[in-house]
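Below is one structure; the comments refer to it alone.
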Amino acid sequence: MLFRSRQSTHLTYTMTATANGHAGKRKADDITLDEVDGFSAAQLFGKGVCYTYDDVIFHPGHIDFGAPEVELTTKLTRNISIRTPIVSSPMDTVTESDMAIAMASVGGAGFLHYNMTQEEQVAHLKVVKAHRLGYVTRPEVRGPDATLAECDALATSRGFTSVVVTDTGIVGGKLLGLVSSRDGDLAMDRSTKLKDVMTKAADLVTGKASQDIDTLEDILLKSKKGKLPVVNDKGELVGLMTRASVKSKKLLPPPGAPSLDKKGRLLCGAAIGTRPADKERAKALAAEGMDMVILDSSQGDSVYQIEMIKWLKTNVPELDVIGGNVVTQLQAKRLLEAGADALRVGMGSGSICTTQEVCAVGRGQATAVYKCSNLAAQFGVPIIADGGIQNSGHITKALTLGASVAMCGSMFAGTTEAPGEYFYDNGVRVKKYRGMGSLDAMAKGSDTRYLSESGHLKVAQGVSGTVKDKGPVMKMVPYLTHGVKQGFQDMGAKSMEHATELRNNGSMRMETRTGAAQKEGGVHDMHSYKKVAW
């Protein structure tokens, strides 16, 4: 008998061959597995090459549980946990109060962007903290002297055909009435005031703020009306429920438990800078109940950020502080030693970011997440993978490589809850989306994020553009989450903790993919197709 032996670091096996050189029938005892196929994370990311998410593919594991059983509850910061490991980025075309409310409602969290005044940021935070689940996020309210022309403009910009009328023109004012399209559609004079055509409060079906959401929904549905203003004991408008929102709620996937603070209000974070004025901003936000703050910098390894972290931990200790952005262990170490409660990892990997192209610095996102998470774990601090997320598979890879949370920007741009109004570009319904390093964003104030001083030359590290209408985040996130659960199931990981265990002990196997393999892993060889994610 001729014995042919092949040895590698991954697989050792022995084959028996017949005298004529052809392999004979192998027996189970002839094969010995020293290691399974592929590489461990430590092996793959220790070769001096940086990889991004698409470069890496995970091998399947053993399945003995269902995807719905996968537990994704995770740490957002040292002291804050969330049920859904997805948060929205503090970009001015991604997260304001509407987005923060939606993200907390589905078990994640949102971070209010920094490209606005302190007063505006505090106002958005107040909206989030005051929001009651089930109410319309941004009801349109006007004063009695507003005109039908204003309603016409509102119908064009937001698609709203009804306006609630209060004495102050805002939520919290005394309810006077409601104007629907039927109240004023036949009025030829569009300067007619709302008080002259509105259905008065006494003739409206209203709900009481003391009633629970299910009761209010029943009142609305039984009334067969389209709107249900909700008032307090003083007759002041507290919120608005609509038949459309109730219908949408019943058709969307169940959102699950929301992310709440210690007082039962929606969880919310915000971004600030490292300038002296930002200390007062942090205090003002903390006074309104902000839960965590991101120090918003494209390159977080600076004396300014280290000093700000130390100041915040001493002077506003109730806030959890998220440092970053970083991509190396040395960067991370300095911020962790300063007291950061979480780290934001990523540099130049966003879809609208050109930092790697313009400044020649950054790192492949998969490598950055793996390396920084290894160090942060020694401090007991979670990391947020920021940038490069395009689908649920990327979220799965970020989490299994060590991130506790994935931060999404472009994924959520163009959604219903993102700031800005829809418009049509060559027949396609779109919203604006821009990087915080774009000249447009810098002109509004985000140049502080890139350590730029006013009056100096500004070099763009991002672009501006448009993205297609993606529908509501309330619909998108549950599907993304289930996609992640299916990914964990395929890898044999039952939870975030289990995935960490498999990665650290080498049981989680992976390889890199060639360009051809990446192409093969996507849709190909089709005459035509329509890609629908959910």
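In the structure tokens, chains take the letters A, B, ... in the order shown, each chain's residues start at 1, and ligands count up from 1 in the order shown.
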
Please extract the residues of segment 221-394 of chain A with a backbone DSSP assignment of strand (DSSP E) and present them as a PyMOL selection string.
chain A and resi 227-231+237-242+269-272+292-295+320-326+342-345+383-386

Compile the contact shell of segment 303-313 of chain A as a JSON list (two decimals) with N, CA, C and O atoms, in the first residue's frame: residues with an atom at most 9 Å away, counting only C-alpha atoms, same-chain residues fewer than 4 positions apart removed.
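Wrote it out as around-v6.json, contents follow:
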```
[["chain", "number", "residue", "atom", "x", "y", "z"],
["A", 273, "GLY", "N", -19.33, 68.66, 20.42],
["A", 273, "GLY", "CA", -17.93, 68.78, 20.06],
["A", 273, "GLY", "C", -17.04, 68.86, 21.27],
["A", 273, "GLY", "O", -17.43, 68.46, 22.38],
["A", 274, "THR", "N", -15.86, 69.38, 21.08],
["A", 274, "THR", "CA", -14.88, 69.46, 22.18],
["A", 274, "THR", "C", -14.46, 70.90, 22.45],
["A", 274, "THR", "O", -13.45, 71.14, 23.09],
["A", 275, "ARG", "N", -15.25, 71.86, 21.97],
["A", 275, "ARG", "CA", -14.95, 73.26, 22.22],
["A", 275, "ARG", "C", -15.45, 73.66, 23.61],
["A", 275, "ARG", "O", -16.34, 73.00, 24.18],
["A", 276, "PRO", "N", -14.94, 74.75, 24.18],
["A", 276, "PRO", "CA", -15.40, 75.20, 25.50],
["A", 276, "PRO", "C", -16.91, 75.38, 25.59],
["A", 276, "PRO", "O", -17.54, 75.02, 26.59],
["A", 279, "LYS", "N", -19.26, 72.42, 26.59],
["A", 279, "LYS", "CA", -19.46, 72.04, 27.99],
["A", 279, "LYS", "C", -20.82, 72.53, 28.48],
["A", 279, "LYS", "O", -21.54, 71.80, 29.17],
["A", 282, "ALA", "N", -23.51, 70.40, 26.86],
["A", 282, "ALA", "CA", -23.65, 69.10, 27.54],
["A", 282, "ALA", "C", -24.49, 69.25, 28.80],
["A", 282, "ALA", "O", -25.36, 68.41, 29.09],
["A", 295, "LEU", "N", -18.90, 62.30, 21.55],
["A", 295, "LEU", "CA", -17.95, 63.35, 21.18],
["A", 295, "LEU", "C", -17.68, 63.17, 19.69],
["A", 295, "LEU", "O", -17.02, 62.22, 19.27],
["A", 297, "SER", "N", -16.14, 63.50, 16.45],
["A", 297, "SER", "CA", -14.91, 63.86, 15.76],
["A", 297, "SER", "C", -14.52, 62.75, 14.81],
["A", 297, "SER", "O", -14.64, 61.57, 15.13],
["A", 317, "PRO", "N", -21.55, 63.63, 35.63],
["A", 317, "PRO", "CA", -21.34, 62.18, 35.79],
["A", 317, "PRO", "C", -22.54, 61.33, 35.40],
["A", 317, "PRO", "O", -22.38, 60.13, 35.15],
["A", 318, "GLU", "N", -23.73, 61.93, 35.31],
["A", 318, "GLU", "CA", -24.91, 61.13, 34.93],
["A", 318, "GLU", "C", -24.90, 60.76, 33.45],
["A", 318, "GLU", "O", -25.68, 59.89, 33.02],
["A", 319, "LEU", "N", -24.06, 61.40, 32.65],
["A", 319, "LEU", "CA", -23.99, 61.10, 31.23],
["A", 319, "LEU", "C", -22.96, 60.01, 30.95],
["A", 319, "LEU", "O", -21.85, 60.06, 31.46],
["A", 320, "ASP", "N", -23.33, 59.05, 30.12],
["A", 320, "ASP", "CA", -22.34, 58.12, 29.59],
["A", 320, "ASP", "C", -21.70, 58.77, 28.38],
["A", 320, "ASP", "O", -22.39, 59.35, 27.53],
["A", 321, "VAL", "N", -20.37, 58.68, 28.29],
["A", 321, "VAL", "CA", -19.63, 59.39, 27.26],
["A", 321, "VAL", "C", -19.06, 58.40, 26.24],
["A", 321, "VAL", "O", -18.38, 57.44, 26.60],
["A", 322, "ILE", "N", -19.36, 58.66, 24.97],
["A", 322, "ILE", "CA", -18.88, 57.82, 23.87],
["A", 322, "ILE", "C", -17.77, 58.58, 23.14],
["A", 322, "ILE", "O", -18.00, 59.67, 22.61],
["A", 323, "GLY", "N", -16.57, 58.01, 23.13],
["A", 323, "GLY", "CA", -15.44, 58.65, 22.47],
["A", 323, "GLY", "C", -15.24, 58.12, 21.07],
["A", 323, "GLY", "O", -15.76, 57.07, 20.69],
["A", 324, "GLY", "N", -14.44, 58.83, 20.29],
["A", 324, "GLY", "CA", -14.12, 58.37, 18.95],
["A", 324, "GLY", "C", -14.15, 59.52, 17.96],
["A", 324, "GLY", "O", -14.28, 60.66, 18.36],
["A", 334, "ARG", "N", -5.97, 55.33, 24.59],
["A", 334, "ARG", "CA", -5.92, 56.65, 25.21],
["A", 334, "ARG", "C", -7.31, 57.12, 25.65],
["A", 334, "ARG", "O", -7.48, 57.71, 26.72],
["A", 335, "LEU", "N", -8.33, 56.88, 24.82],
["A", 335, "LEU", "CA", -9.68, 57.32, 25.17],
["A", 335, "LEU", "C", -10.26, 56.47, 26.30],
["A", 335, "LEU", "O", -10.99, 56.97, 27.16],
["A", 337, "GLU", "N", -8.54, 55.00, 28.68],
["A", 337, "GLU", "CA", -7.87, 55.40, 29.91],
["A", 337, "GLU", "C", -8.39, 56.74, 30.43],
["A", 337, "GLU", "O", -8.35, 57.01, 31.64],
["A", 338, "ALA", "N", -8.91, 57.57, 29.51],
["A", 338, "ALA", "CA", -9.49, 58.85, 29.92],
["A", 338, "ALA", "C", -10.85, 58.67, 30.58],
["A", 338, "ALA", "O", -11.34, 59.59, 31.25],
["A", 339, "GLY", "N", -11.48, 57.49, 30.37],
["A", 339, "GLY", "CA", -12.76, 57.21, 31.02],
["A", 339, "GLY", "C", -13.95, 57.04, 30.11],
["A", 339, "GLY", "O", -15.10, 57.04, 30.57],
["A", 340, "ALA", "N", -13.73, 56.88, 28.80],
["A", 340, "ALA", "CA", -14.85, 56.71, 27.86],
["A", 340, "ALA", "C", -15.69, 55.49, 28.22],
["A", 340, "ALA", "O", -15.17, 54.44, 28.60]]
```

When distances are computed from only C-alpha atoms, which of A:Ala403, A:Met491, A:Val56, A:Leu148 shows the smallest separation from Gly515 of chain A?
A:Val56

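Rounded to one decimal, atom CA of Leu176 of chain A and atom CA of Ala244 of chain A lie 22.5 Å from each other.
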